[in-house]
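Enquirer: Shown below is the structure under consideration.
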Amino acid sequence: MNNIPVREERTLRFHILRHNPQDSESVPHQQVFEIQEADSMTLFIALNEIRENLDSSLQFDFVCRAGICGSCAMIINGKPGLACRTLTRDLPEDIFLAPLPVFELISDLSVNTGKWMRAISERLETWVHNRQEEVDLQQLEAPMEQSLAYSIYELERCIECGCCIAACGTAQMRDQFVGAVGLNKIARFRLDPRDEREDTDFYELIGDESGVFGCLTLLGCEDVCPKELPLAAQLAYMRRKMASV
Amino acid sequence: MQVIQTDVLLIGGGLAGLRAAIAARRRGHDTIVLSLVPAKRSHSAAAQGGMQASLANSNKGMGDNEDIHFADTVRGSDWGADQDVVRMFVNTAPKAVRELAAWGVPWNRVERGDREVIINGEKVTITEKDEAHGLITARNFGGTRHWRTCYVSDGTGHSMLYNVNDRAIAENIPVHERMEAMALIHDGERCYGAIVRNLISGELLAYVARATCIATGGFGRIYRVSTNAIINEGMGAAIALETGVATLGNMEAVQFHPTAIFPAGILVTEGCRGDGGLLLDGEQKRFMPDYEPEKKELASRDVVSRRMEEHIAAGHAAKSRFGDHLWLDIRLLGKKHIDTKLREVKDICQYFLGVDPVSQLIPVRPAQHYSMGGIRTNYRGESQQLKGLFAAGEAACWDMHGFNRLGGNSVAETVVAGMLVGEFIADFCDKPENEITISTALIRDCWQKESAHLQGLCIGGGENPFGLIREMQNTMTELVGIFRHGDRLQQAVDKLQLLLQRSNNLHVASQARGANPELVAAYRVPRMLKLALCVAYGALQRTESRGAHFREDYPQRNDQLWLKRTLARWPDADAILPSLDYEELSVMNMELPPGWRGYGAKDFINHPDAPRREQEIEQLRQSMAGASRFELQNMLMPYEQLMPERYRRRNARLGENERGEIEIRETGSGEKQ
Ligand SMILES: Cc1cc2nc3c(=O)[nH]c(=O)nc-3n(C[C@H](O)[C@H](O)[C@H](O)COP(=O)(O)OP(=O)(O)OC[C@H]3O[C@@H](n4cnc5c(N)ncnc54)[C@H](O)[C@@H]3O)c2cc1C
């Protein structure tokens, strides 16, 4: 933090797309708020300041405010990203904020990613499928190679923030499309030897246009993924695997 | 008024709530989970460093077992913990890790052969056994005698929560997200569920349940500088307190974590120090060995945090334009280690500090981190006052952490408590006498009371709820922090009482439909203030120092007067102070009677029973010469009868025989300098 240069204070203009579907009289509109920039200000700090001092009805979601939980994804100057770890010093004086598209709007910048993600999990059955129902917890665990455990973790780092869906051409057109988040999950379970499902089982889940064959390889997803998951490589790999089923 | 019925209502969708829900569901009870946010965004996801369980697979874990985990935990707690509960916990933790492994958690694994690690600032080669290859490995954490903390890089909580949550989906457990429990439905003796607010529509509903379990996590946000998520406002504990009958235990026991980045307060894991990172002062000199020659950077958190503040007060801080801080140095761990085992830390440093920890120092200072206190329960997780009310996880005071919890013991507690308390809840629901008959009038009364309260807030007076929250947070951080003193605590209590009175006169300016964030702040303020008063007043009354509770005016631990748990109640809704009672801990029943922790202050005022109990234990030991460690333990403090049947059995461990002894002896220590 000592390395961050002090800059002259700017006045920031936030242009926020507002709409509250709970209110039958609300119409989508843009509202402008001006605040003074502060040292190492993040959008988390700025939005709270706006709510506490300028408009107490403004809605947005933050939970961990540390870039870990995925709650605060929004469109920041045209691009999906996590608001909590976006520093205002990296943005121009005019900052445009809008809710993520595709997801159900709750109000203002708050969208229902949770509902969407749960539906994807149910549909793709994103859990370890193992015929042996209960493991004997008294016994030593089954061994696994460290390199494999690490590869699984790499794909499991997804935080379901929804950025990849917001940046996806197919998801905007086809509401059944499972998107990079869904396909990445299948890749994760496919890699996991504890999951006994075969490629034919996975094909049932994603072997069509709403799955892996719907992807137009525009690769907006990988560009915006805040966890820098290797989405493009996974999508290509899954497509090859599913095409050979 | 919409009424939803279920057998079990879990308030909280973090690790504790979800795991308890799975237990109850598997036993055939209808279960609904409520959460303020999508369950996977619960604060459990933020746990980085790992989960303690004595698997003893890796070389540095060799010789570890439940007994040592037990002793570390009790010492860590500064003898505040309930030792029965600690025993139940340490015996279940290995099972919990193994269950999570089967459910998909990609725990880091042992790799056979030599590897280089950093211990006490030096490179050391350790050799992992062939037969351990591929088993779950562990890293070092503070206050533990062996390397015991199982981990998934530094995304442990994330992996655990995702896999447990997906398991809950697999078992068809509904999670009602963006729902806030606002009040418990009760008649002073029995709990029947909760009045709940929908945080999308603003609608108020009633959930009626045979068993209600609060698993709402900690209340760190009553402090200004906290590592906690901003939703950690303690609403679960607060609504239990507001019943007027349920008690909160040890609310003054608040943990401060040594390494929150400065000034944002975001955590970087204890794993940084566990893996070999060092603390440096303003002159970039290592200082912990001077204060704590035994454990150095890896003494328990309460001790390290105090030493850091002491060192800052002595004028050795690094200065920045935000104020004083110290440095965390993980450069010596090397790029590869940081890129794979500490990548969340690296991200956090990069995004919030503009620092690359591979080549630069990380500015840190202690910050509020964990709530040892919470809803007081017995070993079954059941409230001692309200039948049908349970609590688990950080929200509970079960009480396995006493006055200081060890790193890695919390996510372990959440899952273990979920497993055990979940079974006890199912047992409770199995019993015909625990069926409920509830009058609709009672539900309607509770609902109407809450509804009228919310409407009242919207008419309101002149106080800004956001402003009151800030004043409370400043008061707590400035006056009820790491170093406490009677005068400052009294000031804090006075100030918080004033704030509580002012909170009767709130003004909600916004009439926004739906959740209305300002209204949310308004109804939470008085609840948070009540919790803050339990903390500050409890701290004022406790005239000793124990674990994380440190009084400059009473620097000694005083077992003679204070080997007891604080119980706070709020019987009169209009009162501005809680009423406090105390629950004695019985030394004569302890497996490990109080003594020196092995780090930190050496002088304390002994309990008169301690020498007697020690003598008794010594005699027992001698009379049982040749007994296995299990037999001995069972003589000292039998606890198995307390456990659910299915989790009673012993844990298999590499090379350990029937008697719990290690058979294969390594030649040498396996460690080469
Ligand atoms: C940054 C950080 C790092 C940590 N790292 C570690 C670690 O490495 N190892 C370790 O052992 N521990 C760690 N801890 C501690 C540990 O993560 C927590 O103690 C633990 O995860 C708490 O889990 P929980 O299930 O009790 O609560 P949480 O995960 O906090 O979940 C609480 C749930 O309750 C819900 N809720 C709250 N109030 C209400 C209400 N009124 N109505 C309905 N729902 C409600 C929330 O939505 C949420 O779903 C860390 C803590 C922090 C802050």
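Residues in the structure tokens are numbered from 1 in each chain, the chains being A, B, ... in the order shown, and ligands are numbered from 1 in the order shown.
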Each residue of chain A with at least one atom at most 6 Å from chain B should appear once, together with its nearest atom pair and the corresponding distance in Å (one decimal); atoms considered: only C-alpha atoms; ordering: chain, then increasing residue number; output as a tab-separated table.
Expert:
```
residue	atom	partner	partner_atom	distance
A:Met1	CA	B:Leu353	CA	4.4
A:Gln22	CA	B:Gly514	CA	5.7
A:Asp23	CA	B:Arg513	CA	5.8
A:Ser56	CA	B:Glu518	CA	5.6
A:Ser57	CA	B:Ser510	CA	5.7
A:Val63	CA	B:Ala229	CA	5.3
A:Cys64	CA	B:Ala229	CA	4.2
A:Cys69	CA	B:Arg41	CA	5.1
A:Gly114	CA	B:Pro38	CA	4.9
A:Trp127	CA	B:Asp166	CA	5.6
A:Leu137	CA	B:Lys95	CA	5.0
A:Gln138	CA	B:Asn651	CA	4.9
A:Gln139	CA	B:Ala652	CA	5.2
A:Leu140	CA	B:Ala652	CA	5.9
A:Glu141	CA	B:Arg98	CA	5.8
A:Pro143	CA	B:Gly134	CA	4.3
A:Met144	CA	B:Gly134	CA	4.6
A:Glu145	CA	B:Gly134	CA	5.1
A:Gln146	CA	B:Arg109	CA	4.8
A:Ala149	CA	B:Pro106	CA	4.9
```
Enquirer: How would you report the residues lying within 6 Å of ligand 1, as an MDAnalysis selection string, if you count only C-alpha atoms and all ligand atoms?
Expert: chainID B and resid 11:17 34:37 39 42:44 46:51 179:181 215:217 227:228 235:236 267 369 393:395 407:412 414
Enquirer: Next, write the just-selected residues to a file, as a PDB file, in the first residue's frame, keeping C-alpha atoms as the atom set.
Expert:
```pdb
ATOM      1  CA  ILE B  11     -30.803 -20.605  10.008  1.00  0.00           C
ATOM      2  CA  GLY B  12     -27.521 -20.191   8.141  1.00  0.00           C
ATOM      3  CA  GLY B  13     -26.114 -21.762   4.990  1.00  0.00           C
ATOM      4  CA  GLY B  14     -22.400 -21.768   5.828  1.00  0.00           C
ATOM      5  CA  LEU B  15     -20.444 -24.934   6.544  1.00  0.00           C
ATOM      6  CA  ALA B  16     -22.086 -25.566   9.917  1.00  0.00           C
ATOM      7  CA  GLY B  17     -25.648 -25.021   8.737  1.00  0.00           C
ATOM      8  CA  LEU B  34     -32.161 -20.083   5.276  1.00  0.00           C
ATOM      9  CA  SER B  35     -29.390 -17.759   4.205  1.00  0.00           C
ATOM     10  CA  LEU B  36     -28.930 -14.008   3.842  1.00  0.00           C
ATOM     11  CA  VAL B  37     -27.002 -14.586   0.633  1.00  0.00           C
ATOM     12  CA  ALA B  39     -25.227 -20.202   0.450  1.00  0.00           C
ATOM     13  CA  SER B  42     -21.364 -17.513   3.105  1.00  0.00           C
ATOM     14  CA  HIS B  43     -18.316 -16.431   4.963  1.00  0.00           C
ATOM     15  CA  SER B  44     -17.028 -19.998   5.246  1.00  0.00           C
ATOM     16  CA  ALA B  46     -13.285 -17.073   2.794  1.00  0.00           C
ATOM     17  CA  ALA B  47     -11.390 -19.514   5.022  1.00  0.00           C
ATOM     18  CA  GLN B  48      -7.984 -19.831   3.455  1.00  0.00           C
ATOM     19  CA  GLY B  49      -5.429 -21.713   5.481  1.00  0.00           C
ATOM     20  CA  GLY B  50      -6.979 -25.005   6.422  1.00  0.00           C
ATOM     21  CA  MET B  51      -8.687 -27.425   8.762  1.00  0.00           C
ATOM     22  CA  MET B 179     -33.965 -14.679   3.683  1.00  0.00           C
ATOM     23  CA  GLU B 180     -33.279 -13.156   7.066  1.00  0.00           C
ATOM     24  CA  ALA B 181     -34.454 -14.621  10.365  1.00  0.00           C
ATOM     25  CA  ALA B 215     -25.707 -21.381  12.361  1.00  0.00           C
ATOM     26  CA  THR B 216     -25.300 -17.746  11.411  1.00  0.00           C
ATOM     27  CA  GLY B 217     -21.557 -17.368  11.923  1.00  0.00           C
ATOM     28  CA  THR B 227     -11.421  -9.603   8.568  1.00  0.00           C
ATOM     29  CA  ASN B 228     -15.044 -10.747   8.521  1.00  0.00           C
ATOM     30  CA  MET B 235     -28.052 -11.493  13.752  1.00  0.00           C
ATOM     31  CA  GLY B 236     -28.465 -15.138  14.791  1.00  0.00           C
ATOM     32  CA  LEU B 267      -6.983 -11.424   5.958  1.00  0.00           C
ATOM     33  CA  HIS B 369     -11.246 -11.987  13.301  1.00  0.00           C
ATOM     34  CA  GLY B 393     -20.572 -23.257  14.196  1.00  0.00           C
ATOM     35  CA  GLU B 394     -19.151 -19.837  14.941  1.00  0.00           C
ATOM     36  CA  ALA B 395     -22.569 -18.607  16.118  1.00  0.00           C
ATOM     37  CA  GLY B 407      -6.212 -21.441  13.535  1.00  0.00           C
ATOM     38  CA  GLY B 408      -7.700 -24.284  11.507  1.00  0.00           C
ATOM     39  CA  ASN B 409      -9.964 -25.340  14.370  1.00  0.00           C
ATOM     40  CA  SER B 410     -12.899 -23.303  13.194  1.00  0.00           C
ATOM     41  CA  VAL B 411     -13.747 -24.742   9.813  1.00  0.00           C
ATOM     42  CA  ALA B 412     -13.053 -28.062  11.490  1.00  0.00           C
ATOM     43  CA  THR B 414     -18.207 -26.108  11.686  1.00  0.00           C
TER      44      THR B 414
END
```
Enquirer: Could you pull out all residues of segment 320-470 of chain B with a DSSP call of alpha helix (DSSP H) and give them as a ChimeraX atom specification?
Expert: /B:335-341,343-353,409-430,440-459,465-470
Enquirer: Excluding Asn250 of chain B and residues on its chain fewer than 2 positions from it, collect all residues at most 7 Å away from it, counting only C-alpha atoms, and give them as a list of chain:residue names.
Expert: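 After dropping sequence-adjacent residues, the list is B:Leu248, B:Glu252, B:Ala253, B:Gly373, B:Arg565, B:Thr566, B:Leu567.
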Enquirer: Atom CA of Glu552 of chain B and atom CA of Pro594 of chain B, how far apart in Å?
Expert: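 For atom CA of Pro594 of chain B relative to atom CA of Glu552 of chain B, the distance reads 21.8 Å.
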Enquirer: Counting only C-alpha atoms, which of B:Thr212, B:Gln52, B:Gln622, B:Asn198 gets nearest to Asp64 of chain B?
Expert: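 Smallest distance to Asp64 of chain B is found for B:Gln52.
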Enquirer: Give me the residues near segment 547-549 of chain B as a CSV table (one decimal) with N, CA, C and O atoms, in the first residue's frame, where near means some atom within 9 Å (using only C-alpha atoms) and where sequence neighbours in that chain fewer than 6 positions away do not count.
Expert:
```csv
chain,number,residue,atom,x,y,z
B,76,GLY,N,-4.7,-23.8,23.9
B,76,GLY,CA,-5.1,-22.6,23.1
B,76,GLY,C,-6.2,-21.8,23.7
B,76,GLY,O,-6.2,-20.6,23.7
B,77,SER,N,-7.2,-22.5,24.3
B,77,SER,CA,-8.4,-21.9,24.8
B,77,SER,C,-8.1,-21.2,26.2
B,77,SER,O,-9.0,-20.6,26.7
B,78,ASP,N,-6.9,-21.4,26.6
B,78,ASP,CA,-6.5,-20.9,28.0
B,78,ASP,C,-7.4,-21.5,29.0
B,78,ASP,O,-7.8,-20.8,30.0
B,79,TRP,N,-7.7,-22.7,28.8
B,79,TRP,CA,-8.5,-23.5,29.8
B,79,TRP,C,-10.0,-23.1,29.9
B,79,TRP,O,-10.7,-23.4,30.8
B,80,GLY,N,-10.4,-22.3,28.9
B,80,GLY,CA,-11.8,-21.9,28.9
B,80,GLY,C,-12.7,-22.9,28.3
B,80,GLY,O,-14.0,-22.9,28.5
B,252,GLU,N,-17.2,-11.7,25.6
B,252,GLU,CA,-16.0,-10.9,25.6
B,252,GLU,C,-14.8,-11.6,25.0
B,252,GLU,O,-13.8,-10.9,24.8
B,253,ALA,N,-14.9,-12.9,24.6
B,253,ALA,CA,-13.8,-13.6,24.0
B,253,ALA,C,-13.8,-13.4,22.5
B,253,ALA,O,-14.4,-14.1,21.8
B,254,VAL,N,-13.1,-12.3,22.1
B,254,VAL,CA,-13.0,-11.9,20.7
B,254,VAL,C,-11.6,-12.1,20.2
B,254,VAL,O,-10.7,-11.6,20.8
B,255,GLN,N,-11.4,-12.8,19.1
B,255,GLN,CA,-10.1,-13.0,18.6
B,255,GLN,C,-9.6,-12.0,17.6
B,255,GLN,O,-10.4,-11.6,16.7
B,256,PHE,N,-8.4,-11.6,17.7
B,256,PHE,CA,-7.8,-10.6,16.7
B,256,PHE,C,-6.7,-11.4,16.0
B,256,PHE,O,-5.8,-12.1,16.6
B,300,SER,N,0.1,-19.0,19.8
B,300,SER,CA,-1.3,-18.8,19.5
B,300,SER,C,-1.6,-17.4,19.0
B,300,SER,O,-0.8,-16.5,19.3
B,301,ARG,N,-2.8,-17.2,18.4
B,301,ARG,CA,-3.1,-15.9,17.8
B,301,ARG,C,-3.2,-14.7,18.8
B,301,ARG,O,-2.7,-13.6,18.6
B,302,ASP,N,-3.8,-15.0,20.0
B,302,ASP,CA,-3.9,-14.0,21.0
B,302,ASP,C,-2.5,-13.5,21.4
B,302,ASP,O,-2.3,-12.3,21.5
B,303,VAL,N,-1.6,-14.4,21.6
B,303,VAL,CA,-0.3,-14.1,22.0
B,303,VAL,C,0.5,-13.3,20.9
B,303,VAL,O,1.0,-12.2,21.2
B,306,ARG,N,-0.9,-9.7,20.5
B,306,ARG,CA,-0.5,-8.8,21.6
B,306,ARG,C,0.9,-8.4,21.4
B,306,ARG,O,1.3,-7.2,21.6
B,402,GLY,N,-13.1,-21.8,24.1
B,402,GLY,CA,-12.8,-21.1,25.3
B,402,GLY,C,-12.5,-19.6,25.0
B,402,GLY,O,-13.2,-19.0,24.3
B,403,PHE,N,-11.3,-19.2,25.4
B,403,PHE,CA,-11.0,-17.7,25.2
B,403,PHE,C,-10.0,-17.5,24.0
B,403,PHE,O,-9.6,-16.4,23.8
B,404,ASN,N,-9.7,-18.5,23.3
B,404,ASN,CA,-8.9,-18.3,22.1
B,404,ASN,C,-9.0,-19.6,21.3
B,404,ASN,O,-8.8,-20.7,21.8
B,405,ARG,N,-9.3,-19.4,20.0
B,405,ARG,CA,-9.4,-20.6,19.2
B,405,ARG,C,-8.1,-20.7,18.3
B,405,ARG,O,-7.5,-19.7,17.9
B,481,GLY,N,-10.6,-3.5,22.2
B,481,GLY,CA,-9.7,-4.2,21.3
B,481,GLY,C,-8.8,-5.2,22.0
B,481,GLY,O,-9.2,-5.9,22.9
B,482,ILE,N,-7.6,-5.2,21.5
B,482,ILE,CA,-6.6,-6.2,22.0
B,482,ILE,C,-6.2,-5.9,23.4
B,482,ILE,O,-6.1,-6.8,24.3
B,483,PHE,N,-5.9,-4.7,23.7
B,483,PHE,CA,-5.5,-4.3,25.1
B,483,PHE,C,-6.7,-3.6,25.7
B,483,PHE,O,-7.1,-2.6,25.2
B,484,ARG,N,-7.2,-4.1,26.8
B,484,ARG,CA,-8.4,-3.6,27.4
B,484,ARG,C,-8.0,-3.0,28.8
B,484,ARG,O,-7.1,-3.5,29.5
B,539,ALA,N,-16.5,-7.9,29.2
B,539,ALA,CA,-15.1,-7.6,29.3
B,539,ALA,C,-14.8,-6.7,30.5
B,539,ALA,O,-13.8,-6.9,31.2
B,557,ARG,N,-3.9,-14.3,34.4
B,557,ARG,CA,-5.1,-15.2,34.4
B,557,ARG,C,-5.4,-15.6,35.8
B,557,ARG,O,-4.4,-15.9,36.6
```
Enquirer: Pick out each residue of segment 474-546 of chain B that DSSP on the backbone tags as strand (DSSP E or B); I need them as a PDB file with N, CA, C and O atoms, in the first residue's frame.
Expert:
```pdb
ATOM      1  N   PHE B 483      -5.851  -4.687  23.719  1.00  0.00           N
ATOM      2  CA  PHE B 483      -5.491  -4.301  25.082  1.00  0.00           C
ATOM      3  C   PHE B 483      -6.676  -3.575  25.707  1.00  0.00           C
ATOM      4  O   PHE B 483      -7.117  -2.555  25.201  1.00  0.00           O
ATOM      5  N   ARG B 484      -7.171  -4.127  26.797  1.00  0.00           N
ATOM      6  CA  ARG B 484      -8.365  -3.555  27.420  1.00  0.00           C
ATOM      7  C   ARG B 484      -8.021  -3.038  28.806  1.00  0.00           C
ATOM      8  O   ARG B 484      -7.104  -3.524  29.459  1.00  0.00           O
ATOM      9  N   LEU B 506     -34.722   6.035  15.303  1.00  0.00           N
ATOM     10  CA  LEU B 506     -34.087   5.996  13.988  1.00  0.00           C
ATOM     11  C   LEU B 506     -34.960   6.625  12.918  1.00  0.00           C
ATOM     12  O   LEU B 506     -36.182   6.659  13.035  1.00  0.00           O
ATOM     13  N   ARG B 546      -7.391 -13.652  30.043  1.00  0.00           N
ATOM     14  CA  ARG B 546      -7.464 -15.057  29.649  1.00  0.00           C
ATOM     15  C   ARG B 546      -7.580 -15.101  28.123  1.00  0.00           C
ATOM     16  O   ARG B 546      -8.450 -14.464  27.545  1.00  0.00           O
TER      17      ARG B 546
END
```
Enquirer: So how far away is atom CA of Gly179 of chain A from atom CA of Cys221 of chain A, in Å?
Expert: 8.6 Å
Enquirer: So, counting only C-alpha atoms, which residue among B:Gln491, B:Val85, B:Val358, B:Gly188 is closest to Lys336 of chain B?
Expert: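 Closest residue, counting only C-alpha atoms: B:Val358.
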Enquirer: Can you tell me which residues surround Leu184 of chain B at a distance of at most 8 Å, considering only C-alpha atoms, apart from same-chain residues fewer than 5 positions away, and format the answer as a list in words?
Expert: Cys191, Tyr192, Gly193, Ala194, Ile195, Ile239, Ala240 and Thr243 of chain B
Enquirer: Could you pull the residues within 7 Å of segment 164-173 of chain A, counting only C-alpha atoms, minus those fewer than 3 positions along the same chain, as a ChimeraX atom specification?
Expert: /A:80,100-102,177,179-181,214-216,220-221,224-225
Enquirer: Provide the atom CA of Val74 of chain B to atom CA of Val587 of chain B distance in Å, to one decimal place.
Expert: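 These two atoms are separated by 12.7 Å.
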Enquirer: At a cut-off of 10 Å, using only C-alpha atoms, what residues contact Asn20 of chain A? Leave out same-chain residues fewer than 5 positions from it and give the result as number ranges by chain.
Expert: A: 25-28, 57-59, 105-110; B: 512-514
Enquirer: Pull C-alpha atoms from the residues just selected and write them as an mmCIF file, in the first residue's frame.
Expert:
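Printed below is out_35.cif as written:
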```
data_model
loop_
_atom_site.group_PDB
_atom_site.id
_atom_site.type_symbol
_atom_site.label_atom_id
_atom_site.label_comp_id
_atom_site.auth_asym_id
_atom_site.auth_seq_id
_atom_site.Cartn_x
_atom_site.Cartn_y
_atom_site.Cartn_z
ATOM 1 C CA GLU A 25 -43.726 2.565 -10.935
ATOM 2 C CA SER A 26 -40.009 2.122 -11.391
ATOM 3 C CA VAL A 27 -38.570 2.499 -14.878
ATOM 4 C CA PRO A 28 -34.947 1.789 -15.741
ATOM 5 C CA SER A 57 -32.160 3.167 -1.414
ATOM 6 C CA LEU A 58 -29.306 2.148 -3.719
ATOM 7 C CA GLN A 59 -29.012 -1.645 -3.881
ATOM 8 C CA LEU A 105 -32.684 -8.367 -11.626
ATOM 9 C CA ILE A 106 -33.363 -7.879 -7.915
ATOM 10 C CA SER A 107 -32.805 -4.131 -7.836
ATOM 11 C CA ASP A 108 -30.250 -1.660 -9.209
ATOM 12 C CA LEU A 109 -26.898 -3.487 -9.228
ATOM 13 C CA SER A 110 -28.149 -6.574 -7.406
ATOM 14 C CA ALA B 512 -37.972 1.931 -1.391
ATOM 15 C CA ARG B 513 -39.984 -1.206 -1.966
ATOM 16 C CA GLY B 514 -38.380 -4.586 -1.562
#
```
